[in-house]
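Raw contents of query_39.csv, CSV, C-alpha atoms:
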chain,number,residue,atom,x,y,z
A,158,MET,CA,26.0,86.8,7.6
A,159,ARG,CA,27.1,83.2,8.1
A,160,THR,CA,30.3,82.8,10.2
A,161,THR,CA,32.8,80.1,9.5
A,162,ASN,CA,34.3,78.2,12.4
A,163,ILE,CA,38.0,77.7,11.7
A,164,LEU,CA,38.3,75.0,14.2
A,165,PRO,CA,37.3,71.4,13.3
A,166,SER,CA,34.0,70.2,14.7
A,167,PHE,CA,35.6,67.7,17.0
A,168,PHE,CA,37.7,70.4,18.7
A,169,THR,CA,35.5,70.5,21.8
A,170,LEU,CA,36.4,71.6,25.4
A,171,ARG,CA,37.3,68.0,26.4
A,172,PHE,CA,39.4,67.6,23.3
A,173,LEU,CA,41.2,70.7,24.3
A,174,GLN,CA,41.6,69.5,27.9
A,175,LEU,CA,43.1,66.2,26.6
A,176,CYS,CA,45.5,68.1,24.3
A,177,LEU,CA,46.7,70.4,27.0
A,178,SER,CA,47.3,67.5,29.4
A,179,SER,CA,49.1,65.7,26.6
A,180,PHE,CA,51.3,68.7,26.0
A,181,LEU,CA,52.2,68.9,29.7
A,182,PHE,CA,52.8,65.1,30.0
A,183,PHE,CA,55.2,65.0,27.1
A,184,ALA,CA,57.0,68.2,28.3
A,185,SER,CA,57.5,66.7,31.7
A,186,PHE,CA,59.5,63.6,30.8
A,187,ASN,CA,61.2,65.2,27.8
A,188,MET,CA,62.5,68.1,30.0
A,189,ILE,CA,65.2,65.9,31.5
A,190,ILE,CA,66.3,63.8,28.5
A,191,PRO,CA,69.0,66.1,27.1
A,192,GLU,CA,70.7,66.4,30.5
A,193,LEU,CA,70.6,62.7,31.4
A,194,PRO,CA,73.7,61.6,29.6
A,195,ALA,CA,75.9,64.2,31.4
A,196,TYR,CA,74.1,63.4,34.7
A,197,LEU,CA,74.7,59.7,34.3
A,198,SER,CA,78.4,60.4,33.5
A,199,SER,CA,78.7,62.4,36.7
A,200,LEU,CA,77.5,59.3,38.6
A,201,GLY,CA,80.3,57.3,36.9
A,202,GLY,CA,78.0,55.6,34.3
A,203,GLU,CA,79.3,57.1,31.1
A,204,ASP,CA,79.4,53.5,29.6
A,205,TYR,CA,75.7,53.0,30.1
A,206,LYS,CA,74.3,56.0,28.1
A,207,GLY,CA,72.5,53.6,25.7
A,208,LEU,CA,70.5,52.3,28.6
A,209,ILE,CA,69.0,55.8,29.4
A,210,ILE,CA,66.4,55.4,26.6
A,211,SER,CA,66.4,51.6,26.2
A,212,LEU,CA,65.5,50.8,29.8
A,213,PHE,CA,62.7,53.5,29.7
A,214,THR,CA,61.2,52.1,26.5
A,215,LEU,CA,61.7,48.5,27.7
A,216,THR,CA,59.3,49.1,30.6
A,217,ALA,CA,56.9,51.0,28.5
A,218,GLY,CA,56.8,48.1,26.0
A,219,LEU,CA,56.4,45.5,28.7
A,220,SER,CA,53.5,47.5,30.3
A,221,ARG,CA,51.6,48.1,27.0
A,222,PRO,CA,49.6,44.8,27.0
A,223,PHE,CA,48.4,45.7,30.5
A,224,SER,CA,47.6,49.3,29.7
A,225,GLY,CA,45.8,48.2,26.5
A,226,LYS,CA,43.6,45.7,28.5
A,227,LEU,CA,43.0,48.1,31.3
A,228,THR,CA,42.1,50.9,28.9
A,229,ASP,CA,39.3,48.8,27.4
A,230,LYS,CA,38.2,47.5,30.8
A,231,ILE,CA,38.4,50.2,33.5
A,232,GLY,CA,38.4,53.2,31.2
A,233,ARG,CA,40.7,55.6,29.4
A,234,VAL,CA,41.0,58.3,32.2
A,235,PRO,CA,42.3,56.1,35.0
A,236,VAL,CA,45.0,54.7,32.7
A,237,MET,CA,46.1,58.2,31.7
A,238,ILE,CA,46.2,59.4,35.3
A,239,PHE,CA,48.3,56.4,36.4
A,240,GLY,CA,50.9,57.0,33.8
A,241,ALA,CA,51.2,60.7,34.6
A,242,SER,CA,51.4,59.9,38.3
A,243,VAL,CA,54.4,57.7,37.7
A,244,CYS,CA,56.1,60.5,35.8
A,245,LEU,CA,55.4,62.8,38.8
A,246,PHE,CA,56.8,60.5,41.5
A,247,VAL,CA,59.8,59.2,39.7
A,248,SER,CA,61.0,62.7,38.8
A,249,LEU,CA,60.9,63.5,42.5
A,250,LEU,CA,63.2,60.5,43.2
A,251,TYR,CA,66.0,61.3,40.8
A,252,PRO,CA,67.8,63.8,43.1
A,253,LEU,CA,67.8,61.2,45.9
A,254,ILE,CA,69.8,58.7,43.8
A,255,SER,CA,73.6,58.8,44.0
A,256,GLY,CA,74.6,55.6,42.2
A,257,VAL,CA,74.4,54.3,38.6
A,258,ALA,CA,72.3,51.2,39.6
A,259,GLY,CA,69.7,53.4,41.3
A,260,PHE,CA,69.6,55.7,38.4
A,261,LEU,CA,69.0,52.9,35.9
A,262,CYS,CA,66.4,51.4,38.2
A,263,LEU,CA,64.5,54.7,38.1
A,264,ARG,CA,64.7,54.9,34.3
A,265,PHE,CA,63.2,51.4,34.2
A,266,PHE,CA,60.2,52.5,36.4
A,267,HIS,CA,59.9,55.8,34.6
A,268,GLY,CA,58.9,53.9,31.5
A,269,PHE,CA,55.5,53.1,33.0
A,270,SER,CA,54.5,56.7,32.4
A,271,THR,CA,54.7,56.3,28.6
A,272,GLY,CA,53.4,52.7,28.9
A,273,PHE,CA,50.0,54.0,30.1
A,274,THR,CA,49.2,57.6,29.4
A,275,PRO,CA,49.7,57.7,25.5
A,276,THR,CA,47.6,54.5,25.1
A,277,GLY,CA,44.7,56.1,27.0
A,278,ILE,CA,45.1,59.4,25.1
A,279,SER,CA,44.9,57.8,21.7
A,280,ALA,CA,42.0,55.6,22.6
A,281,TYR,CA,40.1,58.6,24.0
A,282,VAL,CA,40.7,60.6,20.8
A,283,ALA,CA,39.4,57.6,18.7
A,284,ASP,CA,36.3,57.4,20.9
A,285,ILE,CA,35.2,61.1,20.4
A,286,VAL,CA,36.2,61.7,16.8
A,287,PRO,CA,34.3,60.7,13.6
A,288,PHE,CA,35.8,57.9,11.5
A,289,ASN,CA,36.6,60.2,8.5
A,290,ARG,CA,38.4,62.7,10.7
A,291,ARG,CA,40.8,60.3,12.5
A,292,GLY,CA,43.9,61.3,10.7
A,293,GLU,CA,43.3,65.0,11.2
A,294,ALA,CA,42.4,64.5,14.9
A,295,MET,CA,45.4,62.4,15.6
A,296,GLY,CA,47.5,65.0,13.8
A,297,LEU,CA,46.1,67.8,15.9
A,298,GLN,CA,46.4,65.9,19.2
A,299,SER,CA,50.0,64.8,18.3
A,300,LEU,CA,50.7,68.5,17.5
A,301,PHE,CA,50.2,69.3,21.2
A,302,SER,CA,52.3,66.3,22.2
A,303,SER,CA,55.0,67.6,19.9
A,304,LEU,CA,54.8,71.1,21.3
A,305,GLY,CA,55.4,69.5,24.7
A,306,MET,CA,58.3,67.5,23.3
A,307,ALA,CA,59.7,70.7,21.8
A,308,ALA,CA,59.2,72.9,24.8
A,309,GLY,CA,60.4,70.2,27.3
A,310,PRO,CA,64.1,69.9,26.2
A,311,ALA,CA,64.5,73.6,25.6
A,312,MET,CA,63.0,74.5,29.0
A,313,GLY,CA,64.9,71.7,30.7
A,314,GLY,CA,68.2,73.0,29.3
A,315,PHE,CA,67.4,76.5,30.4
A,316,ILE,CA,66.4,75.4,34.0
A,317,ALA,CA,69.5,73.1,34.3
A,318,ASP,CA,71.8,75.9,33.2
A,319,LEU,CA,70.2,78.5,35.5
A,320,TYR,CA,69.2,76.5,38.6
A,321,GLY,CA,70.9,73.1,38.3
A,322,ILE,CA,69.8,69.5,37.6
A,323,THR,CA,67.9,69.1,40.9
A,324,SER,CA,65.6,72.0,40.1
A,325,LEU,CA,65.1,70.4,36.7
A,326,PHE,CA,63.8,67.2,38.2
A,327,TYR,CA,61.5,69.0,40.6
A,328,GLY,CA,60.2,71.2,37.7
A,329,SER,CA,59.4,68.0,35.7
A,330,SER,CA,57.3,66.8,38.6
A,331,VAL,CA,55.3,70.0,38.8
A,332,VAL,CA,54.5,69.9,35.1
A,333,ALA,CA,53.3,66.3,35.5
A,334,LEU,CA,51.0,67.3,38.4
A,335,ILE,CA,49.3,69.9,36.3
A,336,ALA,CA,48.7,67.3,33.6
A,337,ILE,CA,47.0,65.1,36.1
A,338,LEU,CA,44.7,67.9,37.3
A,339,LEU,CA,43.5,68.3,33.7
A,340,LEU,CA,42.8,64.6,33.3
A,341,VAL,CA,40.8,64.3,36.5
A,342,ARG,CA,38.1,66.5,35.1
A,343,LEU,CA,37.7,64.5,31.8
A,344,LYS,CA,34.5,62.6,31.3
A,345,GLU,CA,35.1,58.8,30.8
A,346,THR,CA,34.2,57.5,27.3
A,347,VAL,CA,34.0,53.8,28.2
A,348,GLU,CA,30.3,53.2,29.0
A,349,ASP,CA,30.5,49.7,30.5
A,350,LYS,CA,33.7,50.1,32.4
A,351,GLU,CA,34.6,47.7,35.2
A,352,ALA,CA,36.1,48.4,38.6
A,353,PHE,CA,39.8,47.5,38.8
A,354,HIS,CA,40.7,44.2,40.3
A,355,LEU,CA,43.9,42.1,40.3
A,356,SER,CA,42.5,39.4,38.0
A,357,GLN,CA,42.6,42.0,35.2
A,358,ILE,CA,46.4,42.1,35.3
A,359,LYS,CA,46.5,38.4,34.2
A,360,LEU,CA,46.9,38.3,30.4
A,361,LYS,CA,45.8,35.7,27.9
A,362,LYS,CA,47.9,35.0,24.9
A,363,GLU,CA,45.6,36.9,22.5
A,364,GLU,CA,45.6,39.9,24.8
A,365,ILE,CA,49.4,40.6,24.4
A,366,PHE,CA,49.4,41.5,20.7
A,367,GLU,CA,46.7,42.5,18.3
A,368,LYS,CA,47.4,40.7,15.0
A,369,ARG,CA,45.1,42.9,13.0
A,370,VAL,CA,47.6,45.9,13.3
A,371,PHE,CA,50.7,44.1,12.3
A,372,ALA,CA,51.3,46.2,9.1
A,373,PRO,CA,51.4,49.6,10.8
A,374,CYS,CA,53.4,48.2,13.7
A,375,PHE,CA,56.1,46.8,11.3
A,376,VAL,CA,56.5,50.2,9.7
A,377,LEU,CA,56.5,52.0,13.0
A,378,PHE,CA,59.2,49.7,14.5
A,379,PHE,CA,61.7,50.2,11.6
A,380,SER,CA,60.9,54.0,11.4
A,381,TYR,CA,61.4,54.6,15.1
A,382,LEU,CA,64.8,53.0,15.2
A,383,SER,CA,65.9,56.5,14.2
A,384,PHE,CA,64.1,58.1,17.1
A,385,GLY,CA,66.0,56.0,19.6
A,386,ILE,CA,69.3,56.8,17.9
A,387,VAL,CA,68.6,60.5,17.9
A,388,LEU,CA,67.6,60.5,21.6
A,389,THR,CA,70.7,58.7,22.6
A,390,ILE,CA,73.4,60.1,20.3
A,391,ILE,CA,72.4,63.6,19.5
A,392,PRO,CA,73.3,65.2,22.9
A,393,ASP,CA,76.9,64.0,22.5
A,394,PHE,CA,76.9,64.8,18.8
A,395,SER,CA,75.7,68.3,19.5
A,396,GLU,CA,78.6,68.7,22.0
A,397,HIS,CA,81.0,67.3,19.4
A,398,LEU,CA,79.8,70.1,17.0
A,399,ASN,CA,80.2,72.7,19.7
A,400,ILE,CA,76.5,73.3,20.2
A,401,SER,CA,76.1,74.5,23.8
A,402,ASN,CA,72.3,73.8,24.2
A,403,LYS,CA,72.0,70.1,23.7
A,404,GLY,CA,68.2,70.4,23.5
A,405,ILE,CA,68.2,72.7,20.5
A,406,PHE,CA,68.1,69.9,18.0
A,407,PHE,CA,65.1,68.3,19.7
A,408,ALA,CA,63.3,71.7,19.7
A,409,VAL,CA,64.1,72.2,15.9
A,410,PHE,CA,62.9,68.8,14.8
A,411,THR,CA,59.8,68.8,17.0
A,412,LEU,CA,58.8,72.3,15.9
A,413,SER,CA,59.3,71.4,12.2
A,414,SER,CA,56.9,68.5,12.7
A,415,LEU,CA,54.0,70.6,14.0
A,416,ILE,CA,52.2,71.9,10.9
A,417,ILE,CA,53.0,68.8,8.8
A,418,ARG,CA,51.2,66.6,11.4
A,419,ILE,CA,47.8,68.2,10.6
A,420,LEU,CA,48.5,68.2,6.8
A,421,ALA,CA,49.6,64.6,6.9
A,422,GLY,CA,46.6,63.6,8.9
A,423,ARG,CA,44.2,65.2,6.5
A,424,ALA,CA,46.1,63.7,3.5
A,425,SER,CA,45.9,60.2,5.0
A,426,ASP,CA,42.1,60.7,5.5
A,427,LYS,CA,41.7,61.7,1.9
A,428,TYR,CA,44.3,59.7,0.0
A,429,GLY,CA,45.1,56.8,2.3
A,430,ARG,CA,47.6,55.9,5.0
A,431,ILE,CA,50.1,54.1,2.9
A,432,PRO,CA,50.9,56.8,0.3
A,433,VAL,CA,51.6,59.3,3.1
A,434,LEU,CA,53.8,56.8,4.9
A,435,LYS,CA,55.8,56.1,1.7
A,436,ALA,CA,56.7,59.8,1.6
A,437,ALA,CA,57.4,59.8,5.3
A,438,THR,CA,59.9,56.9,5.2
A,439,LEU,CA,61.7,58.3,2.3
A,440,CYS,CA,62.0,61.6,4.1
A,441,LEU,CA,63.3,59.8,7.2
A,442,ALA,CA,66.0,57.9,5.3
A,443,LEU,CA,67.3,61.2,3.8
A,444,ALA,CA,67.2,62.9,7.2
A,445,MET,CA,69.3,60.2,8.9
A,446,MET,CA,71.8,60.2,6.0
A,447,ALA,CA,72.0,64.0,6.3
A,448,ILE,CA,72.6,63.9,10.1
A,449,ALA,CA,75.3,61.3,9.5
A,450,LEU,CA,77.1,63.7,7.1
A,451,SER,CA,76.7,66.8,9.3
A,452,GLU,CA,79.9,68.6,10.1
A,453,SER,CA,78.4,71.9,11.3
A,454,LYS,CA,75.6,73.3,13.5
A,455,GLU,CA,73.8,74.6,10.5
A,456,MET,CA,73.9,71.3,8.7
A,457,LEU,CA,72.7,69.4,11.8
A,458,LEU,CA,69.8,71.7,12.4
A,459,LEU,CA,68.7,71.6,8.7
A,460,SER,CA,68.8,67.8,9.0
A,461,GLY,CA,66.7,68.2,12.1
A,462,ILE,CA,64.0,70.0,10.1
A,463,LEU,CA,63.9,67.1,7.6
A,464,PHE,CA,63.8,64.6,10.5
A,465,GLY,CA,60.8,66.6,12.0
A,466,PHE,CA,58.9,66.4,8.7
A,467,ALA,CA,59.3,62.6,8.6
A,468,ILE,CA,58.2,62.1,12.2
A,469,GLY,CA,55.4,64.5,11.8
A,470,MET,CA,54.0,62.5,8.8
A,471,THR,CA,54.6,59.2,10.4
A,472,SER,CA,53.1,59.6,13.9
A,473,PRO,CA,49.4,60.6,13.2
A,474,THR,CA,49.2,58.4,10.1
A,475,ILE,CA,50.3,55.3,11.9
A,476,ALA,CA,47.9,56.0,14.8
A,477,ALA,CA,45.0,56.5,12.4
A,478,TRP,CA,45.9,53.3,10.4
A,479,THR,CA,46.1,51.3,13.7
A,480,ILE,CA,42.6,52.6,14.8
A,481,ASP,CA,41.2,51.8,11.3
A,482,LEU,CA,42.3,48.1,11.7
A,483,SER,CA,41.3,47.7,15.3
A,484,LEU,CA,37.9,46.4,16.5
A,485,PRO,CA,36.1,49.1,18.6
A,486,GLU,CA,35.9,46.8,21.7
A,487,PHE,CA,39.7,46.1,21.4
A,488,ARG,CA,40.8,49.6,20.5
A,489,GLY,CA,43.0,49.9,23.5
A,490,ARG,CA,44.7,46.6,22.7
A,491,GLY,CA,45.4,47.6,19.1
A,492,LEU,CA,46.9,50.9,20.2
A,493,ALA,CA,48.9,49.2,22.9
A,494,THR,CA,50.4,46.9,20.3
A,495,MET,CA,51.3,49.9,18.2
A,496,TYR,CA,53.1,51.5,21.1
A,497,ILE,CA,54.9,48.2,21.8
A,498,ALA,CA,56.3,48.5,18.3
A,499,LEU,CA,57.2,52.1,18.8
A,500,GLU,CA,59.0,51.5,22.1
A,501,ALA,CA,60.8,48.4,20.7
A,502,GLY,CA,62.0,50.5,17.8
A,503,ILE,CA,63.2,53.3,20.1
A,504,GLY,CA,64.7,51.0,22.6
A,505,ILE,CA,66.6,48.8,20.1
A,506,GLY,CA,67.7,51.9,18.2
A,507,ALA,CA,69.0,53.5,21.4
A,508,LEU,CA,70.8,50.3,22.6
A,509,ALA,CA,72.4,49.5,19.2
A,510,SER,CA,73.5,53.1,18.6
A,511,GLY,CA,74.9,53.4,22.1
A,512,TRP,CA,76.9,50.2,21.6
A,513,ILE,CA,78.2,51.2,18.2
A,514,TYR,CA,79.0,54.8,19.2
A,515,ALA,CA,80.9,53.6,22.4
A,516,ASN,CA,81.9,57.2,23.2
A,517,GLU,CA,84.1,57.3,20.0
A,518,HIS,CA,83.4,60.3,17.8
A,519,GLN,CA,84.4,58.5,14.6
A,520,ASN,CA,81.5,56.1,15.1
A,521,PHE,CA,78.8,58.8,14.9
A,522,PRO,CA,78.1,58.3,11.1
A,523,LEU,CA,77.7,54.5,11.4
A,524,ALA,CA,75.3,54.9,14.3
A,525,PHE,CA,73.1,57.3,12.4
A,526,MET,CA,73.1,55.1,9.3
A,527,ILE,CA,71.3,52.4,11.2
A,528,GLY,CA,68.3,54.7,11.2
A,529,CYS,CA,68.6,55.3,7.5
A,530,THR,CA,68.6,51.5,6.8
A,531,GLY,CA,65.5,51.0,9.0
A,532,ALA,CA,63.6,53.7,7.2
A,533,LEU,CA,64.4,52.1,3.8
A,534,ILE,CA,63.2,48.7,5.1
A,535,ALA,CA,59.9,50.3,6.2
A,536,MET,CA,59.5,52.0,2.8
A,537,LEU,CA,60.0,48.8,0.9
A,538,PHE,CA,57.5,47.0,3.1
A,539,LEU,CA,54.9,49.7,2.3
A,540,PHE,CA,55.2,49.1,-1.5
A,541,VAL,CA,53.8,45.6,-1.0
A,542,GLN,CA,50.9,46.6,1.2
A,543,LYS,CA,47.3,46.6,0.3
A,544,SER,CA,45.5,49.8,-0.6
A,545,LYS,CA,43.5,51.8,1.9
A,546,ALA,CA,40.2,50.4,0.6
A,547,GLU,CA,41.4,46.8,0.8
A,548,ALA,CA,42.7,47.3,4.3
A,549,TYR,CA,39.3,48.7,5.4
A,550,ASP,CA,37.6,45.7,3.9
A,551,GLN,CA,39.4,43.5,6.5
A,552,ILE,CA,37.5,45.2,9.3
As a first step, turn the structure in this file into structure tokens.
Amino acid sequence: MRTTNILPSFFTLRFLQLCLSSFLFFASFNMIIPELPAYLSSLGGEDYKGLIISLFTLTAGLSRPFSGKLTDKIGRVPVMIFGASVCLFVSLLYPLISGVAGFLCLRFFHGFSTGFTPTGISAYVADIVPFNRRGEAMGLQSLFSSLGMAAGPAMGGFIADLYGITSLFYGSSVVALIAILLLVRLKETVEDKEAFHLSQIKLKKEEIFEKRVFAPCFVLFFSYLSFGIVLTIIPDFSEHLNISNKGIFFAVFTLSSLIIRILAGRASDKYGRIPVLKAATLCLALAMMAIALSESKEMLLLSGILFGFAIGMTSPTIAAWTIDLSLPEFRGRGLATMYIALEAGIGIGALASGWIYANEHQNFPLAFMIGCTGALIAMLFLFVQKSKAEAYDQI
């Protein structure tokens, strides 16, 4: 009798190692996010909450051109390990900082972690997965990342409540260390890799942005304004609605995105990236409007489910579309450009929402509606884009 393998053909041992490391990496830096606004306020920096996310994403964005170039030059694995190592050491330093300036400085350097590791992860997946399974593979890999993002805030809130904020920071470091140990055993996929030398840090103009991936980056930027808003405002909004665990919204929206990621990836492989993204941006606009109108815990969490569906459709589809349009030898550069757009969207969304919110509860709806507007702009842009076949013809 013939047996059927329920796992996709690309789900090998090294793909599983990569996914587990990705899970731990994203759990590590997401563990501390829900507790950071209150921690910063305890240091006297309640007026700087918008900088918690924006400084982090600023550094990640600035480092992307370097991570993209190094990913193509010295290999995927060293770049992933470097990013996870930054996450490890910075988390160890948080308890040693007693002032607002020092805290913000650490947030700036912490951004190097997401500036490097996700770029290497996405490029590695693209290297080992067939062309016609990219959407599904990116969906499956991002599922593990999402599990980390879901588990991180919930675990972080639990540890902080039980053992205190210092133990939370140390716990984040331990999780990052395990992620590194998994990466060390991965086989490199860049065949003609170079040894690292300082001249590789020097960037030419064409190495900063990959023009071929402008369309997915435009959609990603305006979609992820909402993500920056949620990361910055939801902890205070949860407290405003008398929700004790400020990480519960993050767990709900992340978990709701899990299954939809695989389905969306498969759908984008079959029907095209743009149709899936049209549905995702519409869903995102409705989710941000629902959050803005939420007046109870139940309404907020239902809105979080809708937000999760939108993010779950957007993330793997954008990544696959970016890989489609990138030349193989510049795949790292294309993905780095995609992440620049992602971090710019998150950072600007965080900064703008923090400024509009200004610790005044009546400003919550206006801050959330920025995300709704961004999603509508992205959706309108998609309606004037070329079809999947036409986009592939450009390659």
| task | Choose the residue, out of A:Ala408, A:Leu325, A:Ala449, A:Leu415, that has the smallest atom-to-atom separation from Leu250 (chain A); count all atoms listed in the file. | result |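 Among the listed residues, the smallest separation from Leu250 (chain A) belongs to A:Leu325.
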| Long-range neighbours of Gly465 (chain A) as a PyMOL selection string, 6 Å cut-off, all atoms listed in the file, 6 positions minimum in chain | chain A and resi 410-411+413-414
| Of the candidates A:Ala421, A:Ile390, A:Cys440, A:Ile231, which one gets nearest to Ile513 (chain A) if we count all atoms listed in the file? |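 Distance minimum relative to Ile513 (chain A) lands on A:Ile390.
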| Which of these, A:Ile316, A:Cys176, A:Ser483, A:Ser395, has the shortest distance to Ser329 (chain A) once you count all atoms listed in the file? |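 Checking each of A:Ile316, A:Cys176, A:Ser483, A:Ser395 against Ser329 (chain A), counting all atoms listed in the file, the winner is A:Ile316.
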| Expected residue set, 10 Å radius at (54.3, 51.0, -1.3), all atoms listed in the file, as a list in words |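 Applying the cut-off with all atoms listed in the file, one gets Ile431, Pro432, Val433, Leu434, Lys435, Ala436, Ala535, Met536, Leu537, Phe538, Leu539, Phe540, Val541, Gln542, Lys543 and Ser544 of chain A.
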Report the closest atom pair, with its distance in Å rounded to one decimal, for each residue of region 288-356 of chain A that has an atom no farther than 9 Å from region 187-193 of chain A; count all atoms listed in the file, sort by chain and then rising residue number, and write it as a Markdown table.
| residue | atom | partner | partner_atom | distance |
| --- | --- | --- | --- | --- |
| A:Gly305 | CA | A:Asn187 | CA | 7.9 |
| A:Met306 | CA | A:Asn187 | CA | 5.8 |
| A:Ala307 | CA | A:Asn187 | CA | 8.3 |
| A:Ala308 | CA | A:Met188 | CA | 7.8 |
| A:Gly309 | CA | A:Met188 | CA | 4.0 |
| A:Pro310 | CA | A:Met188 | CA | 4.5 |
| A:Ala311 | CA | A:Met188 | CA | 7.3 |
| A:Met312 | CA | A:Met188 | CA | 6.5 |
| A:Gly313 | CA | A:Met188 | CA | 4.4 |
| A:Gly314 | CA | A:Glu192 | CA | 7.2 |
| A:Ala317 | CA | A:Glu192 | CA | 7.8 |
| A:Ile322 | CA | A:Glu192 | CA | 7.8 |
| A:Leu325 | CA | A:Ile189 | CA | 6.9 |
| A:Phe326 | CA | A:Ile189 | CA | 7.0 |
| A:Gly328 | CA | A:Met188 | CA | 8.6 |
| A:Ser329 | CA | A:Met188 | CA | 6.5 |
| said: Would you compute the distance between CA of Gly385 (chain A) and CA of Met470 (chain A)? Give it in Å to one decimal. | reply: 17.4 Å
| query | At what distance in Å, to one decimal, does CA of Glu364 (chain A) lie from CA of Asp229 (chain A)? | reply | 11.2 Å
| Within 7 Å of region 280-297 of chain A using only C-alpha atoms, minus same-chain residues under 4 positions, as an MDAnalysis selection string | chainID A and resid 167 233 276 301 346 418:419 422:423 425:426 473:474 476:477 488:489
| request: Write out as a VMD selection string each polymer residue whose atoms come within 10 Å of Leu398 (chain A), counting all atoms listed in the file; drop sequence neighbours fewer than 5 positions from it. | output: chain A and resid 393 451 to 455 457
| Atom-to-atom span, CA of Val331 (chain A) and CA of Pro194 (chain A), Å |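 CA of Pro194 (chain A) lies 22.2 Å from CA of Val331 (chain A).
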| Minimum-distance residue to Ala507 (chain A), chosen among A:Thr530, A:Gln519, A:Thr389, A:Ser224 (using all atoms listed in the file) |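 Looking only at the distances to Ala507 (chain A), the closest residue turns out to be A:Thr389.
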| task | For each of A:Tyr381, A:Phe172, A:Phe315, A:Phe525, take the minimum atom-to-atom distance to Ile278 (chain A), counting only C-alpha atoms, then give the residue where this is smallest. | result |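 Among the listed residues, A:Phe172 lies closest to Ile278 (chain A).
Of the listed residues (A:Val257, A:Ile416, A:Leu170, A:Met445), A:Met445 comes nearest to Val387 (chain A); the distances count all atoms listed in the file.
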Hey, could you make a per-residue contact list for region 332-389 of chain A against region 492-499 of chain A with 10 Å as the cut-off, showing the nearest pair of atoms and its distance in Å to one decimal, counting only C-alpha atoms, sorted by chain and number, as JSON lines?
{"residue": "A:Glu364", "atom": "CA", "partner": "A:Thr494", "partner_atom": "CA", "distance": 9.6}
{"residue": "A:Ile365", "atom": "CA", "partner": "A:Thr494", "partner_atom": "CA", "distance": 7.6}
{"residue": "A:Phe366", "atom": "CA", "partner": "A:Thr494", "partner_atom": "CA", "distance": 5.5}
{"residue": "A:Glu367", "atom": "CA", "partner": "A:Thr494", "partner_atom": "CA", "distance": 6.1}
{"residue": "A:Lys368", "atom": "CA", "partner": "A:Thr494", "partner_atom": "CA", "distance": 8.7}
{"residue": "A:Arg369", "atom": "CA", "partner": "A:Thr494", "partner_atom": "CA", "distance": 9.9}
{"residue": "A:Val370", "atom": "CA", "partner": "A:Met495", "partner_atom": "CA", "distance": 7.3}
{"residue": "A:Phe371", "atom": "CA", "partner": "A:Met495", "partner_atom": "CA", "distance": 8.3}
{"residue": "A:Ala372", "atom": "CA", "partner": "A:Met495", "partner_atom": "CA", "distance": 9.8}
{"residue": "A:Pro373", "atom": "CA", "partner": "A:Met495", "partner_atom": "CA", "distance": 7.4}
{"residue": "A:Cys374", "atom": "CA", "partner": "A:Met495", "partner_atom": "CA", "distance": 5.2}
{"residue": "A:Phe375", "atom": "CA", "partner": "A:Ala498", "partner_atom": "CA", "distance": 7.2}
{"residue": "A:Val376", "atom": "CA", "partner": "A:Ala498", "partner_atom": "CA", "distance": 8.8}
{"residue": "A:Leu377", "atom": "CA", "partner": "A:Leu499", "partner_atom": "CA", "distance": 5.8}
{"residue": "A:Phe378", "atom": "CA", "partner": "A:Ala498", "partner_atom": "CA", "distance": 4.9}
{"residue": "A:Phe379", "atom": "CA", "partner": "A:Leu499", "partner_atom": "CA", "distance": 8.7}
{"residue": "A:Ser380", "atom": "CA", "partner": "A:Leu499", "partner_atom": "CA", "distance": 8.5}
{"residue": "A:Tyr381", "atom": "CA", "partner": "A:Leu499", "partner_atom": "CA", "distance": 6.1}
{"residue": "A:Leu382", "atom": "CA", "partner": "A:Leu499", "partner_atom": "CA", "distance": 8.5}
{"residue": "A:Phe384", "atom": "CA", "partner": "A:Leu499", "partner_atom": "CA", "distance": 9.3}
{"residue": "A:Gly385", "atom": "CA", "partner": "A:Leu499", "partner_atom": "CA", "distance": 9.7}
Would you output region 253-260 of chain A from that structure, restricted to N, CA and C atoms, as a PDB file, in the first residue's frame?
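The result, stored in part-v7.pdb:
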ATOM      1  N   LEU A 253      21.163  46.481  33.282  1.00  0.00           N
ATOM      2  CA  LEU A 253      22.268  47.303  33.766  1.00  0.00           C
ATOM      3  C   LEU A 253      22.057  48.790  33.498  1.00  0.00           C
ATOM      4  N   ILE A 254      21.005  49.113  32.741  1.00  0.00           N
ATOM      5  CA  ILE A 254      20.736  50.505  32.368  1.00  0.00           C
ATOM      6  C   ILE A 254      19.736  51.126  33.343  1.00  0.00           C
ATOM      7  N   SER A 255      20.035  52.323  33.806  1.00  0.00           N
ATOM      8  CA  SER A 255      19.157  52.973  34.783  1.00  0.00           C
ATOM      9  C   SER A 255      18.593  54.307  34.296  1.00  0.00           C
ATOM     10  N   GLY A 256      18.931  54.713  33.074  1.00  0.00           N
ATOM     11  CA  GLY A 256      18.462  55.998  32.567  1.00  0.00           C
ATOM     12  C   GLY A 256      17.761  55.864  31.228  1.00  0.00           C
ATOM     13  N   VAL A 257      16.986  56.864  30.875  1.00  0.00           N
ATOM     14  CA  VAL A 257      16.225  56.863  29.628  1.00  0.00           C
ATOM     15  C   VAL A 257      17.149  56.841  28.418  1.00  0.00           C
ATOM     16  N   ALA A 258      18.204  57.652  28.437  1.00  0.00           N
ATOM     17  CA  ALA A 258      19.123  57.721  27.300  1.00  0.00           C
ATOM     18  C   ALA A 258      19.783  56.368  27.037  1.00  0.00           C
ATOM     19  N   GLY A 259      20.205  55.692  28.097  1.00  0.00           N
ATOM     20  CA  GLY A 259      20.819  54.381  27.941  1.00  0.00           C
ATOM     21  C   GLY A 259      19.846  53.357  27.387  1.00  0.00           C
ATOM     22  N   PHE A 260      18.610  53.411  27.867  1.00  0.00           N
ATOM     23  CA  PHE A 260      17.586  52.495  27.371  1.00  0.00           C
ATOM     24  C   PHE A 260      17.347  52.696  25.878  1.00  0.00           C
TER      25      PHE A 260
END
